[in-house]
>>> print(open('data_30.cif').read())   # mmCIF, C-alpha atoms
data_final
#
loop_
_atom_site.label_atom_id
_atom_site.label_comp_id
_atom_site.auth_asym_id
_atom_site.auth_seq_id
_atom_site.Cartn_x
_atom_site.Cartn_y
_atom_site.Cartn_z
CA MET H 1 108.43 51.36 111.47
CA SER H 2 106.02 52.81 113.99
CA THR H 3 104.56 56.26 114.25
CA GLN H 4 102.47 58.13 116.80
CA ILE H 5 100.59 61.22 115.66
CA GLN H 6 98.24 63.07 118.00
CA ILE H 7 96.42 66.36 118.46
CA SER H 8 95.25 67.08 121.97
CA PRO H 9 93.83 69.92 124.07
CA ASP H 10 95.71 68.54 127.10
CA PRO H 11 99.26 69.47 128.14
CA LEU H 12 101.87 67.45 126.21
CA ASN H 13 104.02 65.04 128.17
CA ILE H 14 107.67 65.31 127.08
CA GLN H 15 108.84 62.30 129.10
CA SER H 16 106.18 59.98 127.72
CA CYS H 17 107.18 61.00 124.17
CA ILE H 18 110.82 60.16 124.90
CA ASP H 19 109.83 56.89 126.55
CA TRP H 20 107.81 55.95 123.46
CA ILE H 21 110.56 56.82 120.96
CA MET H 22 113.38 54.94 122.74
CA SER H 23 114.16 51.46 121.47
CA PRO H 24 117.05 48.99 121.59
CA GLN H 25 117.48 49.31 117.81
CA SER H 26 118.08 53.07 117.99
CA GLY H 27 121.50 54.64 118.09
CA GLY H 28 120.07 58.10 118.58
CA ILE H 29 116.89 60.05 119.12
CA ASP H 30 116.26 63.63 118.15
CA VAL H 31 113.54 65.62 119.92
CA PHE H 32 112.21 69.02 118.96
CA ILE H 33 110.14 70.80 121.60
CA GLY H 34 108.33 73.95 120.53
CA THR H 35 107.67 76.41 123.37
CA VAL H 36 105.60 79.55 123.71
CA ARG H 37 107.91 82.57 123.56
CA ASN H 38 107.17 85.67 125.67
CA ALA H 39 107.60 88.16 122.83
CA THR H 40 107.30 88.55 119.09
CA LYS H 41 109.18 91.31 117.25
CA GLY H 42 109.93 92.96 120.58
CA LYS H 43 106.28 92.99 121.70
CA ALA H 44 105.23 91.12 124.85
CA VAL H 45 103.03 88.07 124.20
CA LEU H 46 100.62 87.16 126.99
CA ARG H 47 99.53 83.78 125.61
CA LEU H 48 98.82 81.87 122.41
CA GLU H 49 95.66 80.18 121.21
CA PHE H 50 95.95 77.21 118.84
CA GLU H 51 93.15 75.93 116.64
CA ALA H 52 93.32 72.86 114.40
CA TYR H 53 91.21 71.44 111.58
CA GLU H 54 91.79 68.14 113.25
CA PRO H 55 90.98 65.45 110.67
CA MET H 56 92.92 67.24 107.94
CA ALA H 57 95.78 68.18 110.29
CA LEU H 58 96.18 64.52 111.24
CA THR H 59 96.13 63.51 107.56
CA GLU H 60 98.77 66.12 106.69
CA MET H 61 100.99 65.14 109.62
CA GLU H 62 100.76 61.49 108.54
CA LYS H 63 101.86 62.51 105.03
CA ILE H 64 104.86 64.44 106.38
CA VAL H 65 105.96 61.56 108.58
CA LYS H 66 105.59 59.16 105.66
CA GLN H 67 107.76 61.45 103.50
CA ALA H 68 110.41 61.60 106.24
CA ILE H 69 110.44 57.80 106.44
CA GLU H 70 110.93 57.62 102.67
CA LYS H 71 113.77 60.15 102.73
CA TRP H 72 115.76 58.93 105.75
CA PRO H 73 116.32 55.57 107.47
CA VAL H 74 114.38 56.39 110.63
CA GLN H 75 112.90 53.82 112.99
CA LYS H 76 110.17 55.65 114.86
CA ALA H 77 108.58 59.06 114.50
CA LEU H 78 106.23 60.93 116.81
CA VAL H 79 104.31 64.17 116.38
CA HIS H 80 102.18 65.58 119.19
CA HIS H 81 100.49 68.96 118.76
CA ARG H 82 98.41 70.77 121.32
CA THR H 83 95.39 73.00 120.81
CA GLY H 84 93.68 75.60 122.96
CA VAL H 85 95.12 78.33 125.17
CA LEU H 86 98.83 78.07 126.02
CA GLN H 87 100.72 80.27 128.43
CA VAL H 88 104.33 81.46 127.96
CA GLY H 89 106.72 78.52 128.43
CA GLU H 90 104.12 75.85 127.63
CA VAL H 91 104.69 73.31 124.84
CA PRO H 92 102.54 73.39 121.68
CA VAL H 93 104.49 70.76 119.74
CA ILE H 94 106.83 67.82 120.22
CA ILE H 95 108.55 65.97 117.37
CA ALA H 96 110.65 62.93 118.16
CA VAL H 97 112.54 60.69 115.74
CA SER H 98 114.73 57.68 116.39
CA ALA H 99 117.23 56.12 114.00
CA ALA H 100 120.21 53.80 114.01
CA HIS H 101 122.50 56.77 113.39
CA ARG H 102 122.10 60.40 114.42
CA ALA H 103 122.23 62.10 111.01
CA ALA H 104 118.94 60.57 109.89
CA ALA H 105 117.26 61.47 113.20
CA PHE H 106 118.41 65.10 113.06
CA GLU H 107 117.44 65.59 109.43
CA ALA H 108 114.08 63.85 109.63
CA CYS H 109 113.15 65.76 112.79
CA ARG H 110 113.96 69.09 111.17
CA TYR H 111 112.08 68.13 108.02
CA ILE H 112 108.98 67.20 110.01
CA ILE H 113 108.80 70.43 112.03
CA ASP H 114 109.69 72.67 109.05
CA THR H 115 107.06 71.04 106.82
CA LEU H 116 104.44 70.95 109.58
CA LYS H 117 104.73 74.72 109.85
CA GLN H 118 104.11 75.07 106.10
CA THR H 119 101.28 72.64 105.41
CA VAL H 120 99.43 71.40 108.49
CA PRO H 121 96.12 73.23 109.06
CA ILE H 122 96.76 74.54 112.55
CA TRP H 123 96.58 78.22 113.42
CA LYS H 124 97.92 80.28 116.28
CA LYS H 125 96.70 83.58 117.60
CA GLU H 126 99.05 85.80 119.57
CA ILE H 127 97.43 87.68 122.42
CA PHE H 128 99.07 90.97 123.37
CA GLU H 129 98.13 93.47 126.08
CA ASP H 130 96.53 95.71 123.47
CA GLY H 131 95.09 93.23 120.99
CA GLU H 132 95.47 89.93 119.21
CA VAL H 133 96.54 88.70 115.80
CA TRP H 134 96.31 85.46 113.80
CA VAL H 135 99.94 84.73 112.92
CA ALA H 136 100.83 84.93 109.20
CA ALA H 137 97.25 85.74 108.16
CA HIS H 138 98.09 89.04 106.46
CA PRO H 139 101.00 89.98 104.19
CA MET F 1 73.43 72.60 95.27
CA LYS F 2 73.77 73.65 98.88
CA ILE F 3 77.18 73.35 100.47
CA LYS F 4 78.57 74.03 103.90
CA VAL F 5 81.97 75.71 104.21
CA LEU F 6 84.01 75.23 107.39
CA ALA F 7 86.11 78.10 108.66
CA PHE F 8 89.18 78.19 110.92
CA GLY F 9 91.53 80.80 112.31
CA ILE F 10 91.03 84.21 110.78
CA SER F 11 88.47 82.93 108.26
CA LYS F 12 86.20 82.15 111.22
CA ASP F 13 86.52 85.80 112.28
CA ILE F 14 85.79 86.96 108.72
CA PHE F 15 82.67 84.76 108.41
CA GLY F 16 81.63 85.55 111.97
CA ALA F 17 80.88 81.83 112.32
CA SER F 18 82.63 78.46 112.24
CA SER F 19 80.76 77.58 109.03
CA VAL F 20 78.60 79.18 106.36
CA ASN F 21 76.05 77.66 103.98
CA LEU F 22 76.16 78.60 100.30
CA GLU F 23 74.23 77.89 97.14
CA LEU F 24 76.47 76.90 94.21
CA ALA F 25 75.88 75.61 90.69
CA ASN F 26 76.03 71.82 90.47
CA ASP F 27 79.31 71.71 88.56
CA ALA F 28 80.95 74.49 90.58
CA THR F 29 84.72 74.55 90.94
CA VAL F 30 86.91 75.76 93.78
CA TYR F 31 87.47 78.92 91.75
CA ASN F 32 83.69 79.51 91.56
CA LEU F 33 83.41 78.99 95.32
CA GLN F 34 86.21 81.47 95.98
CA TYR F 35 84.51 84.05 93.76
CA VAL F 36 81.21 83.71 95.61
CA LEU F 37 82.90 83.83 99.01
CA GLU F 38 85.01 86.87 98.13
CA GLN F 39 81.90 88.74 96.97
CA GLN F 40 80.22 88.07 100.30
CA TYR F 41 83.34 88.37 102.46
CA PRO F 42 85.74 90.84 100.78
CA ARG F 43 88.17 90.61 103.71
CA LEU F 44 89.22 87.20 102.34
CA GLN F 45 91.09 89.09 99.61
CA GLN F 46 93.22 90.86 102.22
CA LEU F 47 94.70 87.59 103.48
CA ALA F 48 98.29 86.72 102.54
CA SER F 49 96.72 83.71 100.79
CA TYR F 50 94.16 81.05 101.48
CA MET F 51 93.48 77.55 100.24
CA VAL F 52 90.34 75.47 99.92
CA ALA F 53 90.26 71.89 101.17
CA ILE F 54 87.87 69.26 99.85
CA ASN F 55 87.40 66.19 102.04
CA ASN F 56 90.56 66.91 104.06
CA GLU F 57 92.82 67.44 101.04
CA TYR F 58 94.15 70.70 99.60
CA ALA F 59 92.24 71.45 96.39
CA LEU F 60 93.21 73.27 93.18
CA PRO F 61 91.15 76.11 91.65
CA GLY F 62 89.90 73.84 88.85
CA ASP F 63 88.73 71.02 91.13
CA THR F 64 84.99 70.31 91.09
CA ILE F 65 82.91 70.51 94.25
CA HIS F 66 80.22 67.91 94.87
CA GLU F 67 77.25 68.07 97.16
CA ARG F 68 78.10 66.57 100.58
CA ASP F 69 81.85 67.21 100.12
CA GLU F 70 83.44 68.56 103.26
CA ILE F 71 84.69 72.00 102.23
CA ALA F 72 87.00 74.12 104.37
CA ILE F 73 88.75 77.46 104.02
CA ILE F 74 92.42 77.18 104.99
CA PRO F 75 93.97 80.59 105.73
CA PRO F 76 97.80 80.74 106.07
CA VAL F 77 98.76 78.06 108.58
CA SER F 78 100.87 78.86 111.65
CA GLY F 79 101.14 75.72 113.75
CA GLY F 80 104.19 74.49 115.61
#
>>> encode(input="data_30.cif", output="structure tokens")
Amino acid sequence: MSTQIQISPDPLNIQSCIDWIMSPQSGGIDVFIGTVRNATKGKAVLRLEFEAYEPMALTEMEKIVKQAIEKWPVQKALVHHRTGVLQVGEVPVIIAVSAAHRAAAFEACRYIIDTLKQTVPIWKKEIFEDGEVWVAAHP
Amino acid sequence: MKIKVLAFGISKDIFGASSVNLELANDATVYNLQYVLEQQYPRLQQLASYMVAINNEYALPGDTIHERDEIAIIPPVSGG
């Protein structure tokens, strides 16, 4: 079982993630690519800013990947998350999972991204024309 | 004891800094820390929620804080 977990201020490379996750033992790979959307609740978003508590975020991502490996027979798992300023259409996160059969890859990939959004200490700020807001900060 | 509290996301805006230094009793708990912080920074109470991390792990209100622990305020996360 091999894993690759990274946080980086540099643009993420989708192809290199796919190249890393491919293997002769795999029957399928599942890739989730998060992208910066141009609007939230009908309001135009100019850009996003991501901030991470890096050592803890890496620890939490490692825990999530370990849980996914325990739950499903996956072969490789990759999580790359970007920080800093991202424009509309750019990629803040890539999750990739390979497995012998597709069901495990799909389910583990979904588990990793869903849990990442709940527990990993990374924050995004939406920048609008008339202001900015830390997502989910207030009820 | 003196402790340093790291801040991220909106908690950095609330503190007006990426960290603050506090004086706490030697056997202080996370709950005690939250009380002191909320007295000084009432806007913390307006957050949907927030957690405290000790040495890169989520902590519970009853957990004890030791000098030289790495303490961080974790407002609601929104990565991905």
>>> atom_distance(input="data_30.cif", atom1="atom CA of Asn38 of chain H", atom2="atom CA of Glu54 of chain H")
26.4 Å
>>> interface_residues(input="data_30.cif", of="chain H", to="chain F", cutoff="10 Å", atoms="all atoms listed in the file", output="VMD selection string")
chain H and resid 33 to 36 49 to 60 80 to 83 91 to 95 113 to 125 133 to 139
>>> residues_around(input="data_30.cif", residues="Ala96 of chain H", least_positions_apart="4", cutoff="9 Å", atoms="all atoms listed in the file", output="list in words")
Cys17, Ile18, Ile21, Ile29, Asp30, Val31, Phe32, Ile33, Lys76, Ala77, Leu78, Val79, His80, Ala105 and Cys109 of chain H
>>> atom_distance(input="data_30.cif", atom1="atom CA of Leu48 of chain H", atom2="atom CA of Glu90 of chain H")
9.6 Å
>>> atom_distance(input="data_30.cif", atom1="atom CA of Leu33 of chain F", atom2="atom CA of Ile7 of chain H")
29.4 Å
>>> closest_residue(input="data_30.cif", among="F:Leu60, F:Met51, F:Ile71, F:Ile65", to="Ala25 of chain F", atoms="only C-alpha atoms")
F:Ile65
>>> residues_around(input="data_30.cif", residues="Ala108 of chain H", least_positions_apart="6", cutoff="9 Å", atoms="all atoms listed in the file", output="PyMOL selection string")
chain H and resi 30+65+68-69+71-74+77+97
>>> closest_residue(input="data_30.cif", among="H:Trp20, H:Ser8, H:Ser26, H:Thr3", to="Ala104 of chain H", atoms="only C-alpha atoms")
H:Ser26
>>> decode(input="data_30.cif", residues="segment 51-79 of chain F", atoms="N, CA and C atoms", output="mmCIF file, in the first residue's frame")
data_model
loop_
_atom_site.group_PDB
_atom_site.id
_atom_site.type_symbol
_atom_site.label_atom_id
_atom_site.label_comp_id
_atom_site.auth_asym_id
_atom_site.auth_seq_id
_atom_site.Cartn_x
_atom_site.Cartn_y
_atom_site.Cartn_z
ATOM 1 N N MET F 51 -12.770 24.580 17.493
ATOM 2 C CA MET F 51 -12.101 23.563 18.286
ATOM 3 C C MET F 51 -10.736 24.093 18.721
ATOM 4 N N VAL F 52 -10.160 23.409 19.695
ATOM 5 C CA VAL F 52 -8.786 23.697 20.095
ATOM 6 C C VAL F 52 -7.955 22.470 19.758
ATOM 7 N N ALA F 53 -6.781 22.687 19.190
ATOM 8 C CA ALA F 53 -5.867 21.573 18.927
ATOM 9 C C ALA F 53 -4.659 21.698 19.845
ATOM 10 N N ILE F 54 -4.242 20.559 20.396
ATOM 11 C CA ILE F 54 -3.015 20.500 21.191
ATOM 12 C C ILE F 54 -2.044 19.582 20.458
ATOM 13 N N ASN F 55 -0.894 20.106 20.137
ATOM 14 C CA ASN F 55 0.143 19.323 19.438
ATOM 15 C C ASN F 55 -0.411 18.578 18.224
ATOM 16 N N ASN F 56 -1.141 19.325 17.396
ATOM 17 C CA ASN F 56 -1.657 18.812 16.114
ATOM 18 C C ASN F 56 -2.768 17.774 16.231
ATOM 19 N N GLU F 57 -3.414 17.708 17.401
ATOM 20 C CA GLU F 57 -4.554 16.799 17.555
ATOM 21 C C GLU F 57 -5.734 17.582 18.135
ATOM 22 N N TYR F 58 -6.943 17.278 17.648
ATOM 23 C CA TYR F 58 -8.125 17.904 18.235
ATOM 24 C C TYR F 58 -8.199 17.551 19.717
ATOM 25 N N ALA F 59 -8.493 18.561 20.552
ATOM 26 C CA ALA F 59 -8.547 18.345 21.995
ATOM 27 C C ALA F 59 -9.992 18.452 22.487
ATOM 28 N N LEU F 60 -10.241 17.866 23.659
ATOM 29 C CA LEU F 60 -11.552 17.945 24.307
ATOM 30 C C LEU F 60 -11.500 19.014 25.394
ATOM 31 N N PRO F 61 -12.682 19.543 25.792
ATOM 32 C CA PRO F 61 -12.695 20.630 26.789
ATOM 33 C C PRO F 61 -11.955 20.284 28.085
ATOM 34 N N GLY F 62 -11.974 19.008 28.484
ATOM 35 C CA GLY F 62 -11.345 18.631 29.743
ATOM 36 C C GLY F 62 -9.845 18.341 29.645
ATOM 37 N N ASP F 63 -9.301 18.374 28.442
ATOM 38 C CA ASP F 63 -7.874 18.062 28.287
ATOM 39 C C ASP F 63 -7.002 19.149 28.926
ATOM 40 N N THR F 64 -5.902 18.717 29.538
ATOM 41 C CA THR F 64 -4.998 19.646 30.219
ATOM 42 C C THR F 64 -3.965 20.202 29.243
ATOM 43 N N ILE F 65 -3.666 21.473 29.420
ATOM 44 C CA ILE F 65 -2.667 22.146 28.586
ATOM 45 C C ILE F 65 -1.362 22.237 29.368
ATOM 46 N N HIS F 66 -0.272 21.911 28.710
ATOM 47 C CA HIS F 66 1.038 21.991 29.341
ATOM 48 C C HIS F 66 1.863 23.083 28.670
ATOM 49 N N GLU F 67 2.772 23.642 29.462
ATOM 50 C CA GLU F 67 3.666 24.642 28.902
ATOM 51 C C GLU F 67 4.425 24.003 27.736
ATOM 52 N N ARG F 68 4.645 24.774 26.699
ATOM 53 C CA ARG F 68 5.353 24.325 25.488
ATOM 54 C C ARG F 68 4.507 23.447 24.567
ATOM 55 N N ASP F 69 3.235 23.145 24.953
ATOM 56 C CA ASP F 69 2.347 22.505 23.978
ATOM 57 C C ASP F 69 2.122 23.474 22.826
ATOM 58 N N GLU F 70 1.915 22.914 21.640
ATOM 59 C CA GLU F 70 1.522 23.766 20.515
ATOM 60 C C GLU F 70 -0.003 23.828 20.498
ATOM 61 N N ILE F 71 -0.529 25.011 20.774
ATOM 62 C CA ILE F 71 -1.976 25.204 20.881
ATOM 63 C C ILE F 71 -2.457 25.971 19.655
ATOM 64 N N ALA F 72 -3.577 25.530 19.088
ATOM 65 C CA ALA F 72 -4.135 26.247 17.942
ATOM 66 C C ALA F 72 -5.651 26.312 18.044
ATOM 67 N N ILE F 73 -6.196 27.420 17.570
ATOM 68 C CA ILE F 73 -7.646 27.580 17.469
ATOM 69 C C ILE F 73 -8.052 27.127 16.071
ATOM 70 N N ILE F 74 -9.034 26.217 16.016
ATOM 71 C CA ILE F 74 -9.475 25.655 14.734
ATOM 72 C C ILE F 74 -10.930 26.083 14.495
ATOM 73 N N PRO F 75 -11.132 27.189 13.779
ATOM 74 C CA PRO F 75 -12.512 27.556 13.437
ATOM 75 C C PRO F 75 -13.065 26.541 12.425
ATOM 76 N N PRO F 76 -14.382 26.622 12.100
ATOM 77 C CA PRO F 76 -14.963 25.627 11.186
ATOM 78 C C PRO F 76 -14.119 25.497 9.911
ATOM 79 N N VAL F 77 -13.763 24.263 9.581
ATOM 80 C CA VAL F 77 -12.875 24.044 8.434
ATOM 81 C C VAL F 77 -13.674 24.104 7.128
ATOM 82 N N SER F 78 -12.983 24.420 6.050
ATOM 83 C CA SER F 78 -13.674 24.575 4.752
ATOM 84 C C SER F 78 -12.726 24.281 3.589
ATOM 85 N N GLY F 79 -11.890 23.261 3.774
ATOM 86 C CA GLY F 79 -10.973 22.897 2.695
ATOM 87 C C GLY F 79 -11.681 22.125 1.598
#
